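Undergrad: Input: one structure, supplied below.
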Amino acid sequence: MPQHSECGSTGEDFGPTDGNYPQPGPSGALYVLVACEAATWPVLRGIPAGDELRTDPAGNLYKTRQVEGSLLLSVSKDEGVTWTPEANVAAPGVIAINDWYVAVRDAGDVAVSYFGQVTGQTTWDGYLTETKDALDADPLFWSAQLNGSRPLMFDTELRGTPSVLVDYIGADIGPDGTAWASFVQDCGTDPSDPGCTSQDGQTRGFVGRVVWPAP
């Protein structure tokens, strides 16, 4: 990508990370976050701070960011001119979050997957939150812990052995509207655990979904 003139000689911060993925608009336009420092910058429209930007086929923008134990979602229906108040999409009781991902499909349909902890917990569970009405003034969020009683990650910091490959967490919404989440799952509490030795200390994948209640 060529250097933007607005950045002058200052290098641009743009890489293959989640926040820098181009997002399509219904007119064929692409939205992408590019950061740099420059003497002049023609700001046409400022977008409030956010970690992830998504779009839907109708051109609405969705901005998500993490603030400690909260995942905050805000929506713009006018290409970023105005934004809704931020709503915390984390499941009730979750006080700590690590490694998360957000997906948007149709207008108002948002899904967020994340590792979460409740009070007193040192392990990590996998959660999925979805809303079908993110464009409403008071959207309703459905959340579920997907992994049951066995934690997905035993390591407190999500960075020790045998906790590896923790960046492989995702979310997506299928053509039928079903929201899915993927996570890495620890083989055990210690590399010497039978579950770890039987799979050479490697983690495994875990996938779950949100099943909507009948009307």
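Note on naming: chains are A, B, ... as they come in the structure tokens, residues start from 1 per chain, ligands start from 1 in the order shown.
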Please return as number ranges by chain: the residues of region 63-174 of chain A that backbone DSSP assigns to strand (DSSP E).
TA: A: 63-67, 70-76, 87-88, 94-104, 110-118, 125-131, 142-145, 170-173
Undergrad: Write out the residues from the selection above, keeping N, CA and C atoms, as a short mmCIF file (atom, residue, chain, number, x, y, z; two decimals), in the first residue's frame.
TA:
```
data_model
loop_
_atom_site.label_atom_id
_atom_site.label_comp_id
_atom_site.auth_asym_id
_atom_site.auth_seq_id
_atom_site.Cartn_x
_atom_site.Cartn_y
_atom_site.Cartn_z
N LYS A 63 -18.46 -0.82 16.12
CA LYS A 63 -17.16 -0.61 16.77
C LYS A 63 -17.15 -1.30 18.13
N THR A 64 -16.15 -2.13 18.37
CA THR A 64 -16.05 -2.87 19.63
C THR A 64 -14.69 -2.61 20.26
N ARG A 65 -14.67 -2.44 21.57
CA ARG A 65 -13.40 -2.28 22.28
C ARG A 65 -13.51 -2.91 23.66
N GLN A 66 -12.37 -3.31 24.19
CA GLN A 66 -12.32 -3.89 25.53
C GLN A 66 -11.84 -2.85 26.52
N VAL A 67 -12.55 -2.72 27.61
CA VAL A 67 -12.13 -1.89 28.74
C VAL A 67 -12.18 -2.77 29.97
N SER A 70 -14.93 -5.49 30.45
CA SER A 70 -16.11 -5.20 29.63
C SER A 70 -15.74 -5.20 28.16
N LEU A 71 -16.69 -5.62 27.32
CA LEU A 71 -16.58 -5.50 25.88
C LEU A 71 -17.66 -4.54 25.42
N LEU A 72 -17.26 -3.40 24.90
CA LEU A 72 -18.19 -2.31 24.63
C LEU A 72 -18.47 -2.20 23.13
N LEU A 73 -19.75 -2.24 22.78
CA LEU A 73 -20.20 -2.18 21.39
C LEU A 73 -20.95 -0.88 21.14
N SER A 74 -20.61 -0.22 20.03
CA SER A 74 -21.30 0.99 19.61
C SER A 74 -21.58 0.89 18.12
N VAL A 75 -22.68 1.50 17.67
CA VAL A 75 -23.13 1.36 16.28
C VAL A 75 -23.36 2.74 15.67
N SER A 76 -23.00 2.86 14.38
CA SER A 76 -23.30 4.08 13.63
C SER A 76 -24.14 3.72 12.41
N ALA A 87 -22.57 -0.26 24.69
CA ALA A 87 -23.25 -1.27 25.48
C ALA A 87 -22.26 -2.39 25.80
N ASN A 88 -22.25 -2.84 27.03
CA ASN A 88 -21.38 -3.94 27.43
C ASN A 88 -22.01 -5.27 27.03
N VAL A 94 -19.45 -11.91 34.33
CA VAL A 94 -18.08 -11.94 33.83
C VAL A 94 -17.37 -10.65 34.24
N ILE A 95 -16.21 -10.81 34.89
CA ILE A 95 -15.47 -9.64 35.37
C ILE A 95 -14.10 -9.50 34.72
N ALA A 96 -13.65 -10.52 33.99
CA ALA A 96 -12.36 -10.46 33.31
C ALA A 96 -12.50 -11.09 31.93
N ILE A 97 -11.84 -10.50 30.95
CA ILE A 97 -11.92 -10.96 29.57
C ILE A 97 -10.52 -11.01 28.98
N ASN A 98 -10.28 -12.05 28.18
CA ASN A 98 -9.00 -12.16 27.48
C ASN A 98 -9.24 -12.84 26.15
N ASP A 99 -8.66 -12.31 25.10
CA ASP A 99 -8.76 -12.86 23.76
C ASP A 99 -10.22 -12.94 23.30
N TRP A 100 -10.60 -12.09 22.36
CA TRP A 100 -11.98 -12.03 21.91
C TRP A 100 -12.02 -11.73 20.41
N TYR A 101 -13.19 -11.94 19.84
CA TYR A 101 -13.37 -11.71 18.41
C TYR A 101 -14.83 -11.33 18.16
N VAL A 102 -15.06 -10.49 17.15
CA VAL A 102 -16.42 -10.04 16.86
C VAL A 102 -16.74 -10.29 15.39
N ALA A 103 -17.98 -10.69 15.12
CA ALA A 103 -18.44 -10.93 13.76
C ALA A 103 -19.79 -10.26 13.55
N VAL A 104 -20.02 -9.77 12.33
CA VAL A 104 -21.30 -9.15 11.94
C VAL A 104 -21.74 -9.80 10.63
N VAL A 110 -24.93 -9.26 15.50
CA VAL A 110 -23.54 -9.19 15.98
C VAL A 110 -23.29 -10.35 16.93
N ALA A 111 -22.13 -11.00 16.78
CA ALA A 111 -21.72 -12.07 17.67
C ALA A 111 -20.30 -11.80 18.17
N VAL A 112 -20.07 -12.05 19.45
CA VAL A 112 -18.75 -11.84 20.06
C VAL A 112 -18.37 -13.07 20.86
N SER A 113 -17.19 -13.63 20.58
CA SER A 113 -16.66 -14.75 21.35
C SER A 113 -15.53 -14.24 22.23
N TYR A 114 -15.37 -14.84 23.42
CA TYR A 114 -14.34 -14.34 24.34
C TYR A 114 -14.08 -15.34 25.45
N PHE A 115 -12.84 -15.34 25.96
CA PHE A 115 -12.51 -16.03 27.19
C PHE A 115 -12.93 -15.14 28.35
N GLY A 116 -13.64 -15.71 29.33
CA GLY A 116 -14.12 -14.92 30.45
C GLY A 116 -13.91 -15.60 31.79
N GLN A 117 -13.87 -14.80 32.83
CA GLN A 117 -13.78 -15.27 34.21
C GLN A 117 -14.86 -14.59 35.05
N VAL A 118 -15.37 -15.32 36.04
CA VAL A 118 -16.26 -14.74 37.03
C VAL A 118 -15.47 -14.54 38.31
N ASP A 125 -13.19 -19.72 30.86
CA ASP A 125 -14.26 -20.37 30.13
C ASP A 125 -14.49 -19.64 28.81
N GLY A 126 -15.14 -20.33 27.87
CA GLY A 126 -15.45 -19.72 26.59
C GLY A 126 -16.89 -19.24 26.53
N TYR A 127 -17.08 -18.00 26.13
CA TYR A 127 -18.41 -17.40 26.07
C TYR A 127 -18.71 -16.93 24.65
N LEU A 128 -19.99 -16.88 24.35
CA LEU A 128 -20.48 -16.33 23.09
C LEU A 128 -21.69 -15.47 23.38
N THR A 129 -21.65 -14.24 22.91
CA THR A 129 -22.77 -13.31 23.05
C THR A 129 -23.25 -12.90 21.67
N GLU A 130 -24.57 -12.84 21.49
CA GLU A 130 -25.13 -12.43 20.21
C GLU A 130 -26.34 -11.54 20.43
N THR A 131 -26.52 -10.61 19.51
CA THR A 131 -27.74 -9.82 19.45
C THR A 131 -28.21 -9.76 18.01
N TRP A 142 -27.96 -12.03 24.08
CA TRP A 142 -28.04 -13.38 24.59
C TRP A 142 -26.62 -13.90 24.76
N SER A 143 -26.31 -14.45 25.93
CA SER A 143 -24.97 -14.94 26.21
C SER A 143 -25.02 -16.36 26.74
N ALA A 144 -23.96 -17.12 26.46
CA ALA A 144 -23.87 -18.49 26.95
C ALA A 144 -22.41 -18.85 27.20
N GLN A 145 -22.18 -19.58 28.32
CA GLN A 145 -20.89 -20.23 28.51
C GLN A 145 -20.95 -21.55 27.77
N GLY A 170 -12.23 -17.35 17.46
CA GLY A 170 -12.99 -16.71 16.40
C GLY A 170 -14.47 -16.73 16.64
N ALA A 171 -15.19 -16.03 15.79
CA ALA A 171 -16.66 -16.00 15.82
C ALA A 171 -17.15 -15.82 14.40
N ASP A 172 -18.29 -16.40 14.09
CA ASP A 172 -18.89 -16.21 12.79
C ASP A 172 -20.39 -16.51 12.90
N ILE A 173 -21.15 -16.00 11.95
CA ILE A 173 -22.60 -16.20 11.90
C ILE A 173 -22.92 -16.87 10.58
#
```
Undergrad: Env of Arg54 (chain A): 6 Å cut, atoms = only C-alpha atoms, seq-sep filter 4 positions within chain, self excluded. Answer as a list in words.
TA: Gln23, Leu61 and Tyr62 of chain A
Undergrad: So that I can check the surroundings of Gly28 (chain A), please list as a PDB file with C-alpha atoms, in the first residue's frame every protein, DNA and RNA residue that reaches within 12 Å of it, counting only C-alpha atoms and ignoring chain neighbours fewer than 4 positions away.
TA:
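Ended up saving to result-v6.pdb:
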```pdb
ATOM      1  CA  PRO A  22     -10.695  -3.878   5.467  1.00  0.00           C
ATOM      2  CA  GLN A  23     -14.469  -3.861   5.937  1.00  0.00           C
ATOM      3  CA  PRO A  24     -16.803  -3.623   2.888  1.00  0.00           C
ATOM      4  CA  THR A  55     -19.709  -3.285   8.637  1.00  0.00           C
ATOM      5  CA  ASP A  56     -22.953  -4.893   7.484  1.00  0.00           C
ATOM      6  CA  PRO A  57     -24.556  -5.079   4.009  1.00  0.00           C
ATOM      7  CA  ALA A  58     -26.696  -2.014   4.764  1.00  0.00           C
ATOM      8  CA  GLY A  59     -23.642   0.167   5.472  1.00  0.00           C
TER       9      GLY A  59
END
```
Undergrad: Go through A:Asn60, A:Thr178, A:Thr123, A:Thr197 one by one, measure the shortest atom-to-atom distance of each to Ala107 (chain A) using only C-alpha atoms, and give the residue with the smallest value.
TA: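 Once distances to Ala107 (chain A) are computed over only C-alpha atoms, the minimum belongs to A:Asn60.
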Undergrad: When distances are computed from only C-alpha atoms, which of A:Leu140, A:Ile47, A:Cys187, A:Ala179 shows the smallest separation from Met153 (chain A)?
TA: A:Cys187
Undergrad: Which is closer to Gly188 (chain A) than all the others in A:Phe154, A:Gly148, A:Gln121, A:Lys132, using only C-alpha atoms?
TA: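 The answer is A:Phe154, which sits nearest to Gly188 (chain A).
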Undergrad: So the first atom is CA of Asp51 (chain A) and the second is CA of Tyr168 (chain A); what is the distance between them in Å, to one decimal place?
TA: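 Going from CA of Asp51 (chain A) over to CA of Tyr168 (chain A), I get 17.3 Å.
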